[in-house]
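To keep things clear, I will list the structure first and then write my remarks on it.
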Amino acid sequence: TAVAIYLGLDIRTVGDMGQLPDTLPVFLWPDVPLTFETLAIIFPYAAALAVVGLLESMMTATIVDDLTDTTSDKNRECKGQGVANIASGLMGGMAGCAMIGQSVINVKSGGRTSLSALIAGVVLLLMVVFLSDWVSQIPMAALVAVMIMVSIGTFSWDSLRNLRKFPLSTNIVMVATVVVVVFTHKENNNDPRNRLH
């Protein structure tokens, strides 16, 4: 980031992806008509998001339990996520869930309690709201490099060595999922944000 700013490189930055918030969130009741038609439109998306979020959170909890040799209360995790997502929506935010990469890095960095996750969230909030001018100058290439290192650090390399131990059907599903995700990603090349500089 420092090199890109110093040299004035014409590369895509975080600020090019959209405007960062400059104020803390405020309570906002959604201006949506409370009808069955509205529910019919919203429910499929809400259900899909809830299922995906809960699955990832449960996978994350299982991985963290294995890393720390502890047990977590999965029911409490699910209830907390539901309440937090409702509160987030009323504050203008998006639904969220536990993230495997961030949680594994947090544990590997020494985090062992909920305080470590709280600090990570608060620091991120302060950076985005109060240091947005600096954050917006971070090159997207730097974030890609960070994500590559997160992938390398959190990937289970033993799974490659143990492929022969898994059933063939499991291996086919895993490979098919990777292939479909990689080859169905489409960019809108007409969007100026997606053009390479």
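Following the order of the structure tokens, chains are lettered A, B, ..., residues in each are numbered from 1, and ligands are numbered from 1.
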
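Residues lying within 10 Å of range 58-75 of chain A, counting only C-alpha atoms and ignoring same-chain neighbours fewer than 6 positions away, are Val52, Gln81, Cys97, Ala98, Met99, Ile100, Gly101, Gln102, Ser103, Val104, Asn106, Val107, Lys108, Gly111 and Arg112 of chain A.
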
Those same residues - N, CA, C and O atoms - I'd like them written as a PDB file, in the first residue's frame.
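The new file selection03.pdb reads:
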ATOM      1  N   VAL A  52     -27.080 -21.135   4.798  1.00  0.00           N
ATOM      2  CA  VAL A  52     -25.651 -21.019   4.484  1.00  0.00           C
ATOM      3  C   VAL A  52     -24.889 -20.461   5.688  1.00  0.00           C
ATOM      4  O   VAL A  52     -23.821 -20.962   6.047  1.00  0.00           O
ATOM      5  N   GLN A  81     -26.294 -15.811  16.613  1.00  0.00           N
ATOM      6  CA  GLN A  81     -26.184 -15.357  15.221  1.00  0.00           C
ATOM      7  C   GLN A  81     -27.515 -14.812  14.724  1.00  0.00           C
ATOM      8  O   GLN A  81     -27.560 -13.796  14.038  1.00  0.00           O
ATOM      9  N   CYS A  97     -22.022 -14.329   9.400  1.00  0.00           N
ATOM     10  CA  CYS A  97     -21.832 -15.602  10.090  1.00  0.00           C
ATOM     11  C   CYS A  97     -20.367 -15.716  10.476  1.00  0.00           C
ATOM     12  O   CYS A  97     -19.553 -14.873  10.106  1.00  0.00           O
ATOM     13  N   ALA A  98     -20.053 -16.765  11.219  1.00  0.00           N
ATOM     14  CA  ALA A  98     -18.659 -17.023  11.568  1.00  0.00           C
ATOM     15  C   ALA A  98     -17.898 -17.366  10.285  1.00  0.00           C
ATOM     16  O   ALA A  98     -18.443 -17.991   9.386  1.00  0.00           O
ATOM     17  N   MET A  99     -16.652 -16.914  10.213  1.00  0.00           N
ATOM     18  CA  MET A  99     -15.848 -17.176   9.019  1.00  0.00           C
ATOM     19  C   MET A  99     -14.681 -18.073   9.388  1.00  0.00           C
ATOM     20  O   MET A  99     -13.949 -17.797  10.347  1.00  0.00           O
ATOM     21  N   ILE A 100     -14.537 -19.137   8.629  1.00  0.00           N
ATOM     22  CA  ILE A 100     -13.506 -20.130   8.933  1.00  0.00           C
ATOM     23  C   ILE A 100     -12.122 -19.496   8.891  1.00  0.00           C
ATOM     24  O   ILE A 100     -11.334 -19.639   9.828  1.00  0.00           O
ATOM     25  N   GLY A 101     -11.802 -18.786   7.808  1.00  0.00           N
ATOM     26  CA  GLY A 101     -10.471 -18.202   7.657  1.00  0.00           C
ATOM     27  C   GLY A 101     -10.105 -17.262   8.783  1.00  0.00           C
ATOM     28  O   GLY A 101      -9.050 -17.397   9.413  1.00  0.00           O
ATOM     29  N   GLN A 102     -10.987 -16.301   9.069  1.00  0.00           N
ATOM     30  CA  GLN A 102     -10.708 -15.320  10.114  1.00  0.00           C
ATOM     31  C   GLN A 102     -10.611 -15.996  11.478  1.00  0.00           C
ATOM     32  O   GLN A 102      -9.743 -15.661  12.282  1.00  0.00           O
ATOM     33  N   SER A 103     -11.480 -16.972  11.737  1.00  0.00           N
ATOM     34  CA  SER A 103     -11.472 -17.642  13.034  1.00  0.00           C
ATOM     35  C   SER A 103     -10.206 -18.461  13.235  1.00  0.00           C
ATOM     36  O   SER A 103      -9.615 -18.457  14.317  1.00  0.00           O
ATOM     37  N   VAL A 104      -9.761 -19.167  12.179  1.00  0.00           N
ATOM     38  CA  VAL A 104      -8.544 -19.971  12.290  1.00  0.00           C
ATOM     39  C   VAL A 104      -7.332 -19.072  12.508  1.00  0.00           C
ATOM     40  O   VAL A 104      -6.475 -19.360  13.355  1.00  0.00           O
ATOM     41  N   ASN A 106      -7.377 -16.133  13.861  1.00  0.00           N
ATOM     42  CA  ASN A 106      -7.538 -15.598  15.204  1.00  0.00           C
ATOM     43  C   ASN A 106      -7.000 -16.586  16.235  1.00  0.00           C
ATOM     44  O   ASN A 106      -6.241 -16.218  17.142  1.00  0.00           O
ATOM     45  N   VAL A 107      -7.361 -17.864  16.100  1.00  0.00           N
ATOM     46  CA  VAL A 107      -6.903 -18.885  17.046  1.00  0.00           C
ATOM     47  C   VAL A 107      -5.400 -19.085  16.935  1.00  0.00           C
ATOM     48  O   VAL A 107      -4.688 -19.166  17.937  1.00  0.00           O
ATOM     49  N   LYS A 108      -4.895 -19.150  15.691  1.00  0.00           N
ATOM     50  CA  LYS A 108      -3.458 -19.355  15.496  1.00  0.00           C
ATOM     51  C   LYS A 108      -2.635 -18.157  15.977  1.00  0.00           C
ATOM     52  O   LYS A 108      -1.451 -18.287  16.256  1.00  0.00           O
ATOM     53  N   GLY A 111      -5.725 -15.992  19.973  1.00  0.00           N
ATOM     54  CA  GLY A 111      -7.052 -15.693  20.491  1.00  0.00           C
ATOM     55  C   GLY A 111      -7.717 -16.937  21.039  1.00  0.00           C
ATOM     56  O   GLY A 111      -7.752 -17.968  20.379  1.00  0.00           O
ATOM     57  N   ARG A 112      -8.234 -16.862  22.261  1.00  0.00           N
ATOM     58  CA  ARG A 112      -8.861 -18.033  22.884  1.00  0.00           C
ATOM     59  C   ARG A 112     -10.245 -17.731  23.460  1.00  0.00           C
ATOM     60  O   ARG A 112     -10.951 -18.641  23.869  1.00  0.00           O
TER      61      ARG A 112
END

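Nearest to Val146 in chain A of all the residues A:Val26, A:Ala48, A:Leu34, A:Ile105 is A:Ile105, counting only C-alpha atoms.
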
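For the set A:His185, A:Gln137, A:Met174, A:Pro167, the residue with the smallest atom-to-atom gap to Tyr6 in chain A is A:Gln137, counting only C-alpha atoms.
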
### Query
CA of Ile11 in chain A and CA of Val144 in chain A, how far apart in Å?
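According to the coordinates, CA of Val144 in chain A and CA of Ile11 in chain A are separated by 13.1 Å.
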
### Query
What is the distance, in Å and to one decimal place, between CA of Arg12 in chain A and CA of Ser136 in chain A?
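If I compute the distance from CA of Arg12 in chain A to CA of Ser136 in chain A, I get 10.1 Å.
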
### Task
List the neighbours of range 28-33 of chain A out to 8 Å using only C-alpha atoms; skip same-chain residues closer than 6 positions along the sequence, and give me the result as a ChimeraX atom specification.
/A:90-92

Keeping only all heavy atoms, take the residues you just selected and write them out as a JSON list (two decimals), in the first residue's frame.
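Below is the file selection.json, written as the result:
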[["chain", "number", "residue", "atom", "x", "y", "z"],
["A", 90, "LEU", "N", -31.51, -4.13, 11.37],
["A", 90, "LEU", "CA", -32.15, -2.91, 11.87],
["A", 90, "LEU", "C", -31.17, -1.74, 11.98],
["A", 90, "LEU", "O", -31.58, -0.60, 12.20],
["A", 90, "LEU", "CB", -32.80, -3.18, 13.24],
["A", 90, "LEU", "CG", -33.97, -4.16, 13.20],
["A", 90, "LEU", "CD1", -34.46, -4.47, 14.61],
["A", 90, "LEU", "CD2", -35.11, -3.63, 12.33],
["A", 91, "MET", "N", -29.88, -2.02, 11.83],
["A", 91, "MET", "CA", -28.87, -0.97, 11.84],
["A", 91, "MET", "C", -28.34, -0.70, 10.42],
["A", 91, "MET", "O", -27.34, -0.02, 10.24],
["A", 91, "MET", "CB", -27.70, -1.36, 12.75],
["A", 91, "MET", "CG", -28.09, -1.63, 14.18],
["A", 91, "MET", "SD", -28.61, -0.15, 15.04],
["A", 91, "MET", "CE", -27.05, 0.53, 15.50],
["A", 92, "GLY", "N", -29.01, -1.28, 9.42],
["A", 92, "GLY", "CA", -28.60, -1.05, 8.04],
["A", 92, "GLY", "C", -27.49, -1.97, 7.57],
["A", 92, "GLY", "O", -26.91, -1.74, 6.51]]

#### Entry: Option closest in space to Gly8 in chain A, from A:Arg164, A:Gly93, A:Ala46, A:Pro139 [counting only C-alpha atoms]
A:Pro139

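The space separating CA of Ser114 in chain A from CA of Gly153 in chain A comes to 21.6 Å.
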